[in-house]
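Asks: Sharing a structure, written as structure tokens. Questions coming.
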Amino acid sequence: MNAFNRPLAASAALQNFDSSLHAAPSNRRQWLAAATGAVLATQISTAFAQQNFPTKTVRIIVPYAPGGGLDVMARLLADQLQRKWKQAVIVENKTGASTIIGTMAVAKAPADGHTLLLTSEATITSNPYLFDKLPYDPARDLAPISQILSLPQMVVAHPSITANTLSELVAQAKSGKQAINYASYGSGSLPHLLFGGLKLRTGIDLVQVPYKGITPAVMAALGNEVQLTLAGVSGAQAYLTSGKLKALAVANDKRLPEFPKVPTLQEEGFGDINPHASWFGLFSAAGTPPAVCAQIQQDVAAIGHSPEFAQHLAPRGFTPVFSTPAAFTQFIAEDAAQKAKLIRMIGAKAE
């Protein structure tokens, strides 16, 4: 039975919670094995790739609708890469089936770097555990090129919540004096993983209310339709600054410079149920020559670290990363292990 077909009931997962902290799912082993190979591959000279790539139009597949953060980032990169490569670089939005359609188009494409995937963590480290079966295996069929960005998440609450930290919220919920609902954007989404884990971990009553996306979820908390959600800094910062929302914790490994007084989940004692930051990553089909992947990463990183590009990132609350293929592969292995643990713990399934 493979990693996609081992869903555990929430109760069973909770009983085995401590041991699951040290369990490495098969997909994690695949990513780690790939990371070892990637370290060796990065030692290969990129001279051949630089002379021969790209030789034709490069397509960047975005498995989300036009206009969102991923689409904007893809078009910014495409414009700069086209200038650098002297070849056409186009963005194609292939939406549907929880990003599966667009991802499959890249997984089945020729392994030459001319078809790229720009997607979020949901595609790579959540879908394999939410779906009983996928038409591809991200660990086997995709070649990680670079983690482009990180989008730190914050637990935000309507001001009607008197608690100022997550631990205070738990104490308030246990008193039973106020019903607490939270907005998610579907089963297995980052808010669902965090608050579903918090509910099982503490025994408090939290009710999930799903919305169609991050922005509607934030608007629901703003209007007190729900009391909590998990949101990126860019989507909540204006409301936090104005006092229309309040921040209880940061789902990050350290406090955010913009909100130095807001503790991390680890500081609050809930690091084990941290769903991690959202992120954008760039991939090609598995089997793409390592020298080609290395060249793409280097060219994208050069663009990403330029002052011109940086001015587009800061207003959106994006943290630039632009990691190497080897570092990105290692990062995916760690993120996949955490997502698998939380998804199994709360019994989340694709809708």
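Residue numbering restarts at 1 in every chain; chains get A, B, ... in the order shown in the structure tokens, and ligands count up from 1 in that same order.
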As a list in words, please: the residues near Glu351 (chain A) (cut-off 8 Å, only C-alpha atoms, same-chain neighbours under 2 positions excluded).
Replies: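 The neighbour list is Gly186, Ser187 and Lys349 of chain A.
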Asks: Can I get the selection written as an mmCIF file, in the first residue's frame, with C-alpha atoms?
Replies:
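Contents of the output file out16.cif:
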```cif
data_model
loop_
_atom_site.group_PDB
_atom_site.id
_atom_site.type_symbol
_atom_site.label_atom_id
_atom_site.label_comp_id
_atom_site.auth_asym_id
_atom_site.auth_seq_id
_atom_site.Cartn_x
_atom_site.Cartn_y
_atom_site.Cartn_z
ATOM 1 C CA GLY A 186 -11.647 23.605 2.172
ATOM 2 C CA SER A 187 -10.670 20.235 3.581
ATOM 3 C CA LYS A 349 -9.995 14.050 2.656
#
```
Asks: Using only C-alpha atoms, which residues sit within 6 Å of region 89-95 of chain A once same-chain residues fewer than 6 positions away are excluded, as a ChimeraX atom specification?
Replies: /A:57-64,78,82,102
Asks: Out of A:Asn181, A:Gln330, A:Ser160, A:Gln147, which residue has the shortest atom-to-atom distance to Lys244 (chain A) when counting only C-alpha atoms?
Replies: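 Using only C-alpha atoms, Lys244 (chain A) sits closest to A:Ser160.
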Asks: Excluding Phe280 (chain A) and any residue of its chain fewer than 6 positions from it, enumerate the residues within 7 Å of it, using only C-alpha atoms, and give them as a ChimeraX atom specification.
Replies: /A:118-121,147-150
Asks: Quick one: pick out all alpha helix (DSSP H) residues within region 91-340 of chain A from a backbone DSSP run and write them as a PyMOL selection string.
Replies: chain A and resi 100-107+121+127-130+138-141+166-175+190-202+214-222+233-242+290-304+307-313+325-340
Asks: Using only C-alpha atoms, determine which residues lie at most 12 Å from Gly188 (chain A), disregarding the query and same-chain residues fewer than 3 positions distant; provide the list as number ranges by chain.
Replies: A: 98, 121-123, 125-131, 184-185, 191-197, 208, 210, 275, 339-351
Asks: Would you list the contacts of Gln298 (chain A) as a ChimeraX atom specification, taking every protein, DNA or RNA residue within 8 Å and counting only C-alpha atoms, but skipping same-chain residues closer than 4 positions in sequence?
Replies: /A:294,302,324
Asks: Between A:Val207, A:Cys293, A:Ala238, A:Ala183, which is the closest to Gly317 (chain A) once you count only C-alpha atoms?
Replies: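 Under the stated criterion, the closest residue is A:Ala238.
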Asks: List the spatial neighbours of Tyr182 (chain A) as a PyMOL selection string - criterion: any atom at most 7 Å away, only C-alpha atoms, same-chain residues fewer than 5 positions off excluded.
Replies: chain A and resi 206-209+226-229
